[in-house]
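A.B. asks: Just one file: protein_24.pdb, with PDB, C-alpha atoms.
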```pdb
ATOM      1  CA  MET A   1     -54.281   8.284  32.712
ATOM      2  CA  PRO A   2     -54.862  10.002  36.062
ATOM      3  CA  PHE A   3     -54.264  13.672  36.588
ATOM      4  CA  PRO A   4     -51.043  14.555  38.412
ATOM      5  CA  PHE A   5     -51.193  14.779  42.159
ATOM      6  CA  PRO A   6     -48.709  14.204  44.989
ATOM      7  CA  ARG A   7     -48.939  10.879  46.803
ATOM      8  CA  LEU A   8     -47.375  10.604  50.216
ATOM      9  CA  PHE A   9     -45.516   7.475  51.111
ATOM     10  CA  ALA A  10     -44.376   5.893  54.358
ATOM     11  CA  ARG A  11     -41.847   3.587  52.751
ATOM     12  CA  SER A  12     -38.405   2.302  53.543
ATOM     13  CA  LEU A  13     -35.507   4.724  53.089
ATOM     14  CA  ALA A  14     -33.962   4.605  49.655
ATOM     15  CA  CYS A  15     -30.825   5.614  47.810
ATOM     16  CA  LEU A  16     -29.708   4.792  44.277
ATOM     17  CA  SER A  17     -25.942   4.248  44.477
ATOM     18  CA  LEU A  18     -26.211   2.851  40.964
ATOM     19  CA  PHE A  19     -25.953   6.520  39.979
ATOM     20  CA  ALA A  20     -23.093   7.321  42.402
ATOM     21  CA  PHE A  21     -24.953   9.756  44.623
ATOM     22  CA  ALA A  22     -23.289  10.521  47.966
ATOM     23  CA  PRO A  23     -23.488  10.003  50.836
ATOM     24  CA  LEU A  24     -24.647   6.389  50.512
ATOM     25  CA  PRO A  25     -26.704   4.257  52.915
ATOM     26  CA  ALA A  26     -25.645   0.779  53.997
ATOM     27  CA  LEU A  27     -25.282  -1.725  51.167
ATOM     28  CA  ALA A  28     -28.064  -3.913  52.579
ATOM     29  CA  ASP A  29     -30.503  -0.994  52.476
ATOM     30  CA  LEU A  30     -29.482  -0.138  48.924
ATOM     31  CA  GLN A  31     -29.899  -3.672  47.624
ATOM     32  CA  SER A  32     -33.312  -4.098  49.259
ATOM     33  CA  VAL A  33     -34.567  -0.858  47.700
ATOM     34  CA  LEU A  34     -33.235  -1.694  44.237
ATOM     35  CA  GLN A  35     -34.732  -5.179  44.458
ATOM     36  CA  ARG A  36     -38.103  -3.798  45.527
ATOM     37  CA  GLU A  37     -38.061  -1.264  42.670
ATOM     38  CA  ARG A  38     -37.245  -3.956  40.148
ATOM     39  CA  THR A  39     -39.839  -6.296  41.617
ATOM     40  CA  GLU A  40     -42.549  -3.644  41.326
ATOM     41  CA  LEU A  41     -41.649  -3.023  37.683
ATOM     42  CA  ALA A  42     -40.940  -6.621  36.704
ATOM     43  CA  GLU A  43     -44.471  -7.587  35.675
ATOM     44  CA  MET A  44     -44.789  -4.626  33.306
ATOM     45  CA  CYS A  45     -41.201  -4.305  32.094
ATOM     46  CA  GLY A  46     -39.932  -7.874  32.079
ATOM     47  CA  ALA A  47     -36.258  -8.655  31.564
ATOM     48  CA  THR A  48     -35.734  -5.695  29.214
ATOM     49  CA  MET A  49     -35.928  -3.065  32.004
ATOM     50  CA  GLN A  50     -33.158  -0.488  31.705
ATOM     51  CA  PHE A  51     -32.421   2.688  33.680
ATOM     52  CA  LEU A  52     -31.220   5.252  31.123
ATOM     53  CA  GLU A  53     -29.012   8.284  31.700
ATOM     54  CA  GLY A  54     -31.017  10.908  33.566
ATOM     55  CA  PHE A  55     -33.317   8.363  35.191
ATOM     56  CA  ALA A  56     -32.134   9.655  38.568
ATOM     57  CA  ARG A  57     -30.345  12.927  39.231
ATOM     58  CA  GLU A  58     -29.362  14.977  42.227
ATOM     59  CA  VAL A  59     -31.579  17.992  42.999
ATOM     60  CA  ASN A  60     -32.018  20.436  45.878
ATOM     61  CA  VAL A  61     -35.608  20.307  47.111
ATOM     62  CA  ASP A  62     -35.514  21.740  50.625
ATOM     63  CA  GLY A  63     -32.121  23.405  51.040
ATOM     64  CA  ASN A  64     -31.146  21.358  54.102
ATOM     65  CA  GLY A  65     -27.739  20.401  52.710
ATOM     66  CA  ALA A  66     -28.536  16.714  52.122
ATOM     67  CA  PRO A  67     -28.667  15.833  48.402
ATOM     68  CA  ASP A  68     -32.138  14.929  47.164
ATOM     69  CA  ILE A  69     -32.971  12.809  44.116
ATOM     70  CA  LEU A  70     -35.460  13.209  41.288
ATOM     71  CA  VAL A  71     -36.418  10.016  39.465
ATOM     72  CA  ASP A  72     -37.773  10.532  35.944
ATOM     73  CA  TYR A  73     -39.573   7.558  34.451
ATOM     74  CA  GLY A  74     -39.303   9.185  31.048
ATOM     75  CA  GLN A  75     -35.748   7.845  31.221
ATOM     76  CA  LEU A  76     -36.832   4.260  31.885
ATOM     77  CA  SER A  77     -36.845   1.685  29.106
ATOM     78  CA  CYS A  78     -39.641  -0.734  29.924
ATOM     79  CA  ASP A  79     -40.610  -3.641  27.650
ATOM     80  CA  GLY A  80     -38.789  -1.959  24.783
ATOM     81  CA  THR A  81     -40.425   1.464  25.159
ATOM     82  CA  ARG A  82     -39.784   4.670  27.091
ATOM     83  CA  MET A  83     -43.482   5.594  27.069
ATOM     84  CA  MET A  84     -44.796   3.038  29.556
ATOM     85  CA  PHE A  85     -45.039   5.700  32.284
ATOM     86  CA  CYS A  86     -45.598   8.709  30.017
ATOM     87  CA  GLY A  87     -48.577  10.169  28.213
ATOM     88  CA  SER A  88     -50.186  13.436  27.171
ATOM     89  CA  ALA A  89     -49.855  14.662  30.762
ATOM     90  CA  GLY A  90     -46.107  14.044  30.957
ATOM     91  CA  CYS A  91     -44.089  11.320  32.692
ATOM     92  CA  THR A  92     -44.065   9.919  36.206
ATOM     93  CA  GLN A  93     -41.626  11.825  38.451
ATOM     94  CA  LYS A  94     -40.640  10.748  41.965
ATOM     95  CA  ILE A  95     -38.996  12.852  44.671
ATOM     96  CA  TYR A  96     -36.637  11.272  47.196
ATOM     97  CA  LEU A  97     -35.588  13.469  50.104
ATOM     98  CA  GLY A  98     -32.057  13.066  51.440
ATOM     99  CA  ARG A  99     -31.616  12.312  55.125
ATOM    100  CA  ALA A 100     -28.718  13.103  57.417
ATOM    101  CA  ASP A 101     -27.545   9.460  57.426
ATOM    102  CA  GLY A 102     -27.226   9.449  53.629
ATOM    103  CA  SER A 103     -30.411   7.498  52.949
ATOM    104  CA  HIS A 104     -33.413   8.770  50.977
ATOM    105  CA  ALA A 105     -37.171   8.649  51.561
ATOM    106  CA  MET A 106     -39.665   8.934  48.725
ATOM    107  CA  VAL A 107     -42.212  11.625  49.624
ATOM    108  CA  ALA A 108     -44.150  12.379  46.438
ATOM    109  CA  GLU A 109     -44.983  11.163  42.957
ATOM    110  CA  PHE A 110     -46.282  13.284  40.078
ATOM    111  CA  LEU A 111     -47.422  12.832  36.514
ATOM    112  CA  ALA A 112     -45.853  15.982  35.093
ATOM    113  CA  TYR A 113     -44.053  17.585  32.180
ATOM    114  CA  GLY A 114     -41.355  18.586  34.639
ATOM    115  CA  LEU A 115     -40.515  19.611  38.198
ATOM    116  CA  ARG A 116     -38.473  22.763  38.833
ATOM    117  CA  PHE A 117     -36.702  23.033  42.183
ATOM    118  CA  ASP A 118     -36.271  26.772  41.940
ATOM    119  CA  ARG A 119     -36.830  27.858  45.567
ATOM    120  CA  PRO A 120     -35.127  25.322  47.856
ATOM    121  CA  SER A 121     -34.503  28.016  50.479
ATOM    122  CA  GLU A 122     -38.305  28.177  50.865
ATOM    123  CA  ALA A 123     -38.774  24.396  50.489
ATOM    124  CA  THR A 124     -41.131  24.954  47.555
ATOM    125  CA  PHE A 125     -40.928  23.727  43.963
ATOM    126  CA  LEU A 126     -42.877  24.184  40.742
ATOM    127  CA  ALA A 127     -44.688  21.427  38.845
ATOM    128  CA  VAL A 128     -45.429  21.922  35.146
ATOM    129  CA  LEU A 129     -48.664  20.006  34.629
ATOM    130  CA  HIS A 130     -51.377  19.109  32.151
ATOM    131  CA  GLY A 131     -54.048  21.817  31.909
ATOM    132  CA  GLY A 132     -56.640  19.341  33.143
ATOM    133  CA  SER A 133     -55.137  19.485  36.638
ATOM    134  CA  CYS A 134     -56.282  23.117  36.758
ATOM    135  CA  GLY A 135     -59.662  22.480  35.133
ATOM    136  CA  ARG A 136     -58.553  23.704  31.725
ATOM    137  CA  ALA A 137     -57.823  22.197  28.325
ATOM    138  CA  GLY A 138     -54.655  20.153  28.120
ATOM    139  CA  VAL A 139     -52.948  22.630  25.798
ATOM    140  CA  ASP A 140     -53.221  25.272  28.550
ATOM    141  CA  THR A 141     -50.285  24.235  30.714
ATOM    142  CA  CYS A 142     -50.821  24.440  34.467
ATOM    143  CA  PHE A 143     -48.088  25.722  36.811
ATOM    144  CA  LYS A 144     -48.618  24.637  40.412
ATOM    145  CA  ARG A 145     -46.264  25.313  43.295
ATOM    146  CA  TYR A 146     -45.905  22.776  46.096
ATOM    147  CA  ALA A 147     -44.602  23.344  49.615
ATOM    148  CA  LEU A 148     -42.702  20.743  51.596
ATOM    149  CA  THR A 149     -43.176  20.561  55.369
ATOM    150  CA  GLY A 150     -41.235  17.684  56.857
ATOM    151  CA  SER A 151     -42.243  14.844  54.551
ATOM    152  CA  THR A 152     -45.634  16.340  53.649
ATOM    153  CA  VAL A 153     -46.196  17.910  50.227
ATOM    154  CA  ALA A 154     -49.084  20.365  49.836
ATOM    155  CA  ALA A 155     -50.272  22.286  46.773
ATOM    156  CA  LEU A 156     -50.219  26.079  46.766
ATOM    157  CA  PRO A 157     -52.284  28.287  44.400
ATOM    158  CA  GLU A 158     -51.324  28.075  40.747
ATOM    159  CA  GLU A 159     -48.729  30.639  39.737
ATOM    160  CA  PRO A 160     -49.758  32.766  36.755
ATOM    161  CA  ARG A 161     -47.501  32.913  33.715
ATOM    162  CA  ASP A 162     -46.657  36.134  31.855
ATOM    163  CA  ARG A 163     -48.335  38.315  34.478
ATOM    164  CA  TRP A 164     -46.986  39.876  37.675
ATOM    165  CA  SER A 165     -48.311  38.607  40.994
ATOM    166  CA  PHE A 166     -47.719  39.428  44.663
ATOM    167  CA  ALA A 167     -47.150  36.938  47.491
ATOM    168  CA  GLN A 168     -47.002  37.825  51.185
ATOM    169  CA  ALA A 169     -45.373  34.585  52.366
ATOM    170  CA  PRO A 170     -42.855  33.216  53.056
ATOM    171  CA  VAL A 171     -41.355  36.649  52.305
ATOM    172  CA  PRO A 172     -43.143  39.541  50.541
ATOM    173  CA  SER A 173     -42.330  39.338  46.839
ATOM    174  CA  ALA A 174     -43.570  40.488  43.441
ATOM    175  CA  MET A 175     -42.792  38.102  40.630
ATOM    176  CA  LEU A 176     -43.278  37.138  37.028
ATOM    177  CA  ALA A 177     -42.492  33.842  35.325
ATOM    178  CA  THR A 178     -42.742  33.366  31.568
ATOM    179  CA  SER A 179     -44.025  30.353  29.693
ATOM    180  CA  ASP A 180     -40.453  29.913  28.392
ATOM    181  CA  GLY A 181     -39.111  29.395  31.906
ATOM    182  CA  ASP A 182     -37.484  32.777  32.619
ATOM    183  CA  SER A 183     -38.329  34.571  35.871
ATOM    184  CA  LEU A 184     -37.983  37.984  37.473
ATOM    185  CA  ARG A 185     -38.691  38.502  41.172
ATOM    186  CA  LEU A 186     -38.478  41.418  43.595
ATOM    187  CA  VAL A 187     -38.026  40.276  47.205
ATOM    188  CA  CYS A 188     -38.317  42.247  50.441
ATOM    189  CA  ASP A 189     -35.133  42.103  52.530
ATOM    190  CA  GLY A 190     -35.630  44.141  55.688
ATOM    191  CA  GLY A 191     -36.666  47.576  54.465
ATOM    192  CA  SER A 192     -34.890  47.099  51.128
ATOM    193  CA  LEU A 193     -35.478  45.107  47.943
ATOM    194  CA  ARG A 194     -33.470  42.559  46.022
ATOM    195  CA  ILE A 195     -33.931  41.580  42.390
ATOM    196  CA  GLN A 196     -33.768  37.855  41.640
ATOM    197  CA  TYR A 197     -33.340  37.106  37.942
ATOM    198  CA  GLY A 198     -33.650  33.547  36.650
ATOM    199  CA  PRO A 199     -32.934  33.434  32.896
ATOM    200  CA  THR A 200     -32.902  30.036  31.235
ATOM    201  CA  TRP A 201     -29.474  30.788  29.736
ATOM    202  CA  MET A 202     -27.867  30.471  33.191
ATOM    203  CA  TRP A 203     -28.773  26.794  33.702
ATOM    204  CA  SER A 204     -27.234  23.534  32.547
ATOM    205  CA  GLU A 205     -29.501  20.750  31.306
ATOM    206  CA  ASP A 206     -29.644  19.269  34.823
ATOM    207  CA  GLY A 207     -30.853  22.581  36.282
ATOM    208  CA  SER A 208     -27.545  23.532  37.913
ATOM    209  CA  VAL A 209     -25.720  26.817  37.291
ATOM    210  CA  SER A 210     -23.828  26.486  34.003
ATOM    211  CA  GLN A 211     -20.097  26.964  33.570
ATOM    212  CA  HIS A 212     -20.958  29.589  30.958
ATOM    213  CA  THR A 213     -22.646  31.672  33.660
ATOM    214  CA  ARG A 214     -19.677  31.264  35.987
ATOM    215  CA  ASP A 215     -17.357  32.399  33.198
ATOM    216  CA  LEU A 216     -19.508  35.494  32.674
ATOM    217  CA  ALA A 217     -19.253  36.276  36.400
ATOM    218  CA  GLY A 218     -15.461  36.050  36.216
ATOM    219  CA  ALA A 219     -13.051  36.367  39.115
ATOM    220  CA  GLN A 220     -15.185  39.041  40.807
ATOM    221  CA  GLY A 221     -18.238  36.775  40.713
ATOM    222  CA  ARG A 222     -20.389  39.599  39.359
ATOM    223  CA  ILE A 223     -22.492  40.017  36.219
ATOM    224  CA  GLU A 224     -23.635  43.552  35.376
ATOM    225  CA  ILE A 225     -27.002  43.638  33.628
ATOM    226  CA  GLU A 226     -28.843  46.677  32.292
ATOM    227  CA  LEU A 227     -32.585  46.929  32.969
ATOM    228  CA  GLU A 228     -34.517  49.159  30.581
ATOM    229  CA  VAL A 229     -38.212  50.039  30.903
ATOM    230  CA  ASP A 230     -40.043  50.959  27.665
ATOM    231  CA  GLY A 231     -36.808  51.863  25.890
ATOM    232  CA  GLY A 232     -35.889  54.512  28.458
ATOM    233  CA  GLN A 233     -32.655  55.176  30.283
ATOM    234  CA  PRO A 234     -31.104  51.813  31.309
ATOM    235  CA  THR A 235     -30.277  51.094  34.931
ATOM    236  CA  ALA A 236     -27.093  49.041  35.452
ATOM    237  CA  VAL A 237     -27.418  46.516  38.281
ATOM    238  CA  PRO A 238     -24.697  44.104  39.480
ATOM    239  CA  PHE A 239     -25.846  40.538  40.048
ATOM    240  CA  MET A 240     -24.181  37.708  41.945
ATOM    241  CA  ILE A 241     -24.894  34.003  41.525
ATOM    242  CA  GLU A 242     -27.178  32.811  44.336
ATOM    243  CA  GLU A 243     -26.300  29.116  44.485
ATOM    244  CA  THR A 244     -29.158  27.827  46.644
ATOM    245  CA  ALA A 245     -31.990  29.356  44.620
ATOM    246  CA  ARG A 246     -29.968  29.122  41.370
ATOM    247  CA  VAL A 247     -30.743  32.675  40.322
ATOM    248  CA  LEU A 248     -28.824  35.900  39.794
ATOM    249  CA  GLN A 249     -29.397  38.180  42.778
ATOM    250  CA  SER A 250     -28.800  41.901  43.153
ATOM    251  CA  PRO A 251     -27.495  43.611  46.296
ATOM    252  CA  THR A 252     -30.087  45.329  48.499
ATOM    253  CA  LEU A 253     -31.662  48.318  46.767
ATOM    254  CA  ALA A 254     -33.583  51.242  48.219
ATOM    255  CA  PRO A 255     -37.302  50.906  47.350
ATOM    256  CA  GLY A 256     -37.514  54.654  46.623
ATOM    257  CA  GLN A 257     -35.370  54.371  43.498
ATOM    258  CA  PRO A 258     -37.095  55.727  40.345
ATOM    259  CA  PHE A 259     -36.527  52.372  38.678
ATOM    260  CA  PHE A 260     -39.191  50.650  40.807
ATOM    261  CA  ALA A 261     -41.721  53.380  40.024
ATOM    262  CA  ALA A 262     -40.943  52.889  36.325
ATOM    263  CA  LEU A 263     -41.610  49.146  36.657
ATOM    264  CA  MET A 264     -45.049  49.932  38.093
ATOM    265  CA  GLN A 265     -45.944  52.315  35.267
ATOM    266  CA  GLY A 266     -44.323  50.744  32.201
ATOM    267  CA  ARG A 267     -45.404  48.184  29.629
ATOM    268  CA  ALA A 268     -42.264  46.040  29.356
ATOM    269  CA  VAL A 269     -38.778  45.739  30.803
ATOM    270  CA  GLU A 270     -35.749  44.402  28.935
ATOM    271  CA  LEU A 271     -32.634  42.943  30.559
ATOM    272  CA  HIS A 272     -29.419  43.328  28.552
ATOM    273  CA  LEU A 273     -26.035  41.705  29.041
ATOM    274  CA  GLY A 274     -23.782  43.673  26.719
ATOM    275  CA  GLY A 275     -25.009  43.457  23.141
ATOM    276  CA  SER A 276     -25.663  39.719  23.236
ATOM    277  CA  LEU A 277     -29.015  38.615  21.845
ATOM    278  CA  GLU A 278     -28.500  35.251  23.532
ATOM    279  CA  HIS A 279     -28.744  36.938  26.930
ATOM    280  CA  LEU A 280     -31.475  39.449  26.058
ATOM    281  CA  ARG A 281     -34.751  38.909  27.894
ATOM    282  CA  SER A 282     -37.980  40.921  27.778
ATOM    283  CA  PHE A 283     -40.681  40.760  30.457
ATOM    284  CA  THR A 284     -44.185  42.167  30.309
ATOM    285  CA  LEU A 285     -45.195  44.550  33.097
ATOM    286  CA  LYS A 286     -48.832  43.488  33.003
ATOM    287  CA  GLY A 287     -50.067  43.478  36.591
ATOM    288  CA  SER A 288     -46.856  45.065  37.905
ATOM    289  CA  SER A 289     -48.550  48.159  39.329
ATOM    290  CA  LYS A 290     -50.641  46.132  41.787
ATOM    291  CA  ALA A 291     -47.984  43.493  42.483
ATOM    292  CA  ILE A 292     -45.032  45.829  43.058
ATOM    293  CA  GLY A 293     -47.258  48.323  44.874
ATOM    294  CA  GLY A 294     -48.304  45.551  47.259
ATOM    295  CA  LEU A 295     -44.670  44.590  47.737
ATOM    296  CA  LEU A 296     -43.551  48.138  48.553
ATOM    297  CA  GLN A 297     -46.376  48.509  51.054
ATOM    298  CA  ALA A 298     -45.589  45.186  52.733
ATOM    299  CA  CYS A 299     -41.854  45.854  52.779
ATOM    300  CA  SER A 300     -42.311  49.273  54.399
ATOM    301  CA  LYS A 301     -44.171  47.588  57.277
ATOM    302  CA  GLY A 302     -41.448  45.019  57.764
TER     303      GLY A 302
END
```
Mind converting the file's structure to C-alpha cells?

C.D. replies:
Amino acid sequence: MPFPFPRLFARSLACLSLFAFAPLPALADLQSVLQRERTELAEMCGATMQFLEGFAREVNVDGNGAPDILVDYGQLSCDGTRMMFCGSAGCTQKIYLGRADGSHAMVAEFLAYGLRFDRPSEATFLAVLHGGSCGRAGVDTCFKRYALTGSTVAALPEEPRDRWSFAQAPVPSAMLATSDGDSLRLVCDGGSLRIQYGPTWMWSEDGSVSQHTRDLAGAQGRIEIELEVDGGQPTAVPFMIEETARVLQSPTLAPGQPFFAALMQGRAVELHLGGSLEHLRSFTLKGSSKAIGGLLQACSKG
C-alpha cells in the first residue's frame, strides 16, 4: 500500500447532500457526482456498497465560512468489508473544499490514521501518518502539517510530539502537542502573548466543541484554569472558547510575567480545572527554554 501523500485534483465540483450538508449545489450536479463516485467504486465494491455513518462529515479546513467535507473511507462498506481502503497506514481520507455557491471541490487525498483541522484560521491541518512517510518504522507515528493555498496542498515540516518547538510563521508561536492529542501553544499578538489550550476533553467525537465544554464555560463563557509549573504557586488564567481554532484561548498577557520565565526554566507544567482528574493535563517543558525564548524575542520585534 502506498505511503500517504496529497494528490491534487482538477475535478468537477462535488457535494454530498445524501448527508444533508448545506448549502447544496444544483440537483443535477449532485447526482452526477454521486453517480461518478459509485461508478468508480462499482468494480471493487459491487452491489453491496454502503456509506456508513461518519463516511462524510462537515469540517472547517480553511476558515472561509463555507462548510468543507471530510470523507473517510474507513466508514465505507465495500464488498462486505470496511477494510478495502484501509491498512497498516490508516484509511483513505478525502478533503472537499466548500465553495461560495454551495458546491465542493476535492483537493487532496491521504492514506492516514486521521486528519485534524485544528488551525483553520491559518488554513493548515495536521495529518497523523504511518512512520514510513517520515522515513521511520511504522510504529513511530508521523505528524505532518499541511498548508492550503487556494486549492493547492503543500507539506510543511513534521511537527514534533512531546517537545516544545518555535515557529515564526504565520505568526510567531511556541507550541507543544502530545501523542495523546492535547496541545498547548503560546502565540504572539502584537506585543503581548495569548495561551491557546487544546485538551482532548473539550472536543466531541466529530472534532467540534462539546456541550460539556460549553456547560463548563457557563453564561459568562469563561473557564478558569490554573497553570502550575513544577508544583509551584499556581497561576489562574481565564480562557474563552475560540470557535474557529476550536481551542481555549486566554486574553492577551504581558510577556514579562514571571509565569513565562517559569515555563522556560521548569520541567513540567500542569493545567488544573478545579479538582477534576478528568480535566487535569500535564505537559513536559522539554525544549521550552529555546522555543519560548525565540517567541519572546520575535514578539518584542513585532

A.B. asks: Starting from the displayed file, determine the output of the PyMOL selection byres ((chain A and resi 161-167) around 10) and express the residue list as a PyMOL selection string.

C.D. replies: chain A and resi 141-143+158-160+168-187+283-295+298

A.B. asks: Atom CA of Gly114 of chain A to atom CA of Ala127 of chain A: how many Å, to one decimal?

C.D. replies: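 Computed distance, atom CA of Gly114 of chain A to atom CA of Ala127 of chain A, equals 6.1 Å.
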
A.B. asks: With the file shown as input, list the residues that the PyMOL selection byres ((chain A and resi 52-67) around 8) selects, as a PDB file with C-alpha atoms, keeping the file's coordinate frame.

C.D. replies:
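Below is the file that was written, expr.pdb:
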```pdb
ATOM      1  CA  LEU A  16     -29.708   4.792  44.277  1.00  0.00           C
ATOM      2  CA  PHE A  19     -25.953   6.520  39.979  1.00  0.00           C
ATOM      3  CA  PHE A  21     -24.953   9.756  44.623  1.00  0.00           C
ATOM      4  CA  ALA A  22     -23.289  10.521  47.966  1.00  0.00           C
ATOM      5  CA  GLN A  50     -33.158  -0.488  31.705  1.00  0.00           C
ATOM      6  CA  PHE A  51     -32.421   2.688  33.680  1.00  0.00           C
ATOM      7  CA  ASP A  68     -32.138  14.929  47.164  1.00  0.00           C
ATOM      8  CA  ILE A  69     -32.971  12.809  44.116  1.00  0.00           C
ATOM      9  CA  LEU A  70     -35.460  13.209  41.288  1.00  0.00           C
ATOM     10  CA  VAL A  71     -36.418  10.016  39.465  1.00  0.00           C
ATOM     11  CA  ASP A  72     -37.773  10.532  35.944  1.00  0.00           C
ATOM     12  CA  TYR A  73     -39.573   7.558  34.451  1.00  0.00           C
ATOM     13  CA  GLY A  74     -39.303   9.185  31.048  1.00  0.00           C
ATOM     14  CA  GLN A  75     -35.748   7.845  31.221  1.00  0.00           C
ATOM     15  CA  LEU A  76     -36.832   4.260  31.885  1.00  0.00           C
ATOM     16  CA  SER A  77     -36.845   1.685  29.106  1.00  0.00           C
ATOM     17  CA  LEU A  97     -35.588  13.469  50.104  1.00  0.00           C
ATOM     18  CA  GLY A  98     -32.057  13.066  51.440  1.00  0.00           C
ATOM     19  CA  ARG A  99     -31.616  12.312  55.125  1.00  0.00           C
ATOM     20  CA  ALA A 100     -28.718  13.103  57.417  1.00  0.00           C
ATOM     21  CA  GLY A 102     -27.226   9.449  53.629  1.00  0.00           C
ATOM     22  CA  PHE A 117     -36.702  23.033  42.183  1.00  0.00           C
ATOM     23  CA  ARG A 119     -36.830  27.858  45.567  1.00  0.00           C
ATOM     24  CA  PRO A 120     -35.127  25.322  47.856  1.00  0.00           C
ATOM     25  CA  SER A 121     -34.503  28.016  50.479  1.00  0.00           C
ATOM     26  CA  GLU A 122     -38.305  28.177  50.865  1.00  0.00           C
ATOM     27  CA  ALA A 123     -38.774  24.396  50.489  1.00  0.00           C
ATOM     28  CA  THR A 124     -41.131  24.954  47.555  1.00  0.00           C
ATOM     29  CA  PHE A 125     -40.928  23.727  43.963  1.00  0.00           C
ATOM     30  CA  LEU A 148     -42.702  20.743  51.596  1.00  0.00           C
ATOM     31  CA  ASP A 206     -29.644  19.269  34.823  1.00  0.00           C
ATOM     32  CA  THR A 244     -29.158  27.827  46.644  1.00  0.00           C
TER      33      THR A 244
END
```

A.B. asks: If you apply the PyMOL selection byres ((chain A and resi 153) around 8) to this file, what residues do you get, as a ChimeraX atom specification?

C.D. replies: /A:6,8,107-108,146-149,151-152,154-155

A.B. asks: Up to 12 Å from (-33.9, 39.6, 27.4) in the file's coordinates: name the residues, counting all atoms listed in the file, as a count of residues only.

C.D. replies: 32

A.B. asks: Measuring between only C-alpha atoms, which one of A:Gly131, A:Gly80, A:Gly190, A:Gly232 shows the shortest distance to Leu253 of chain A?

C.D. replies: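 Of A:Gly131, A:Gly80, A:Gly190, A:Gly232, the one nearest Leu253 of chain A, counting only C-alpha atoms, is A:Gly190.
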
A.B. asks: In Å, with one decimal, what is the gap from atom CA of Thr92 of chain A to atom CA of Phe110 of chain A?

C.D. replies: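 Between these atoms lies a distance of 5.6 Å.
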
A.B. asks: Nearest to Thr48 of chain A among A:Ser192, A:Leu216, A:Ala89, A:Asp79, with distances taken over all atoms listed in the file: which residue is it?

C.D. replies: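 Using all atoms listed in the file, Thr48 of chain A sits closest to A:Asp79.
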
A.B. asks: Compile the contact shell of Gln257 of chain A as a PyMOL selection string: residues with an atom at most 12 Å away, counting only C-alpha atoms, same-chain residues fewer than 6 positions apart removed.

C.D. replies: chain A and resi 192-193+235+263-264+296

A.B. asks: Could those residues be written to a file, using C-alpha atoms, as a PDB file, in the coordinates of the input?

C.D. replies:
```
ATOM      1  CA  SER A 192     -34.890  47.099  51.128  1.00  0.00           C
ATOM      2  CA  LEU A 193     -35.478  45.107  47.943  1.00  0.00           C
ATOM      3  CA  THR A 235     -30.277  51.094  34.931  1.00  0.00           C
ATOM      4  CA  LEU A 263     -41.610  49.146  36.657  1.00  0.00           C
ATOM      5  CA  MET A 264     -45.049  49.932  38.093  1.00  0.00           C
ATOM      6  CA  LEU A 296     -43.551  48.138  48.553  1.00  0.00           C
TER       7      LEU A 296
END
```

A.B. asks: Could you check how far atom CA of Met202 of chain A sits from atom CA of Phe239 of chain A, in Å to one decimal?

C.D. replies: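 These two atoms are separated by 12.3 Å.
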
A.B. asks: Taking all atoms of segment 159-170 of chain A that the file lists and extending 4 Å past them on each side, where is the centre of the axis-aligned box and how long are its edges? Answer in Å to one decimal, as lines of an AutoDock Vina configuration file.

C.D. replies:
```
center_x = -46.3
center_y = 35.3
center_z = 42.5
size_x = 14.9
size_y = 17.2
size_z = 29.2
```

A.B. asks: Considering all atoms listed in the file, state which residue in the set A:Ala262, A:Lys144, A:Ala112, A:Ala254 is at the smallest distance from Gln233 of chain A.

C.D. replies: A:Ala262

A.B. asks: Residues near Glu224 of chain A, anyone? I mean within 7 Å using all atoms listed in the file, not counting same-chain ones fewer than 3 positions away, as JSON, numbers by chain.

C.D. replies: {"A": [236, 237, 238, 239]}

A.B. asks: Would you mind putting back N, CA, C and O atoms on segment 140-147 of chain A, then writing it out as a compact mmCIF listing (two decimals), in the frame of the given file?

C.D. replies:
```txt
# COMPACT_ATOMS: atom_id res chain seq x y z
N ASP A 140 -53.48 24.15 27.64
CA ASP A 140 -53.22 25.27 28.55
C ASP A 140 -52.45 24.75 29.76
O ASP A 140 -53.04 24.29 30.73
N THR A 141 -51.13 24.80 29.68
CA THR A 141 -50.28 24.24 30.71
C THR A 141 -50.59 24.85 32.07
O THR A 141 -50.82 26.04 32.19
N CYS A 142 -50.57 24.01 33.09
CA CYS A 142 -50.82 24.44 34.47
C CYS A 142 -49.50 24.50 35.23
O CYS A 142 -48.67 23.59 35.10
N PHE A 143 -49.30 25.56 36.01
CA PHE A 143 -48.09 25.72 36.81
C PHE A 143 -48.50 25.77 38.28
O PHE A 143 -49.03 26.78 38.74
N LYS A 144 -48.26 24.70 39.00
CA LYS A 144 -48.62 24.64 40.41
C LYS A 144 -47.36 24.57 41.27
O LYS A 144 -46.43 23.83 40.95
N ARG A 145 -47.37 25.35 42.35
CA ARG A 145 -46.26 25.31 43.30
C ARG A 145 -46.66 24.44 44.49
O ARG A 145 -47.81 24.45 44.93
N TYR A 146 -45.69 23.67 44.96
CA TYR A 146 -45.90 22.78 46.10
C TYR A 146 -44.93 23.14 47.21
O TYR A 146 -43.78 23.49 46.95
N ALA A 147 -45.42 23.05 48.45
CA ALA A 147 -44.60 23.34 49.62
C ALA A 147 -44.33 22.05 50.36
O ALA A 147 -45.21 21.18 50.50
```
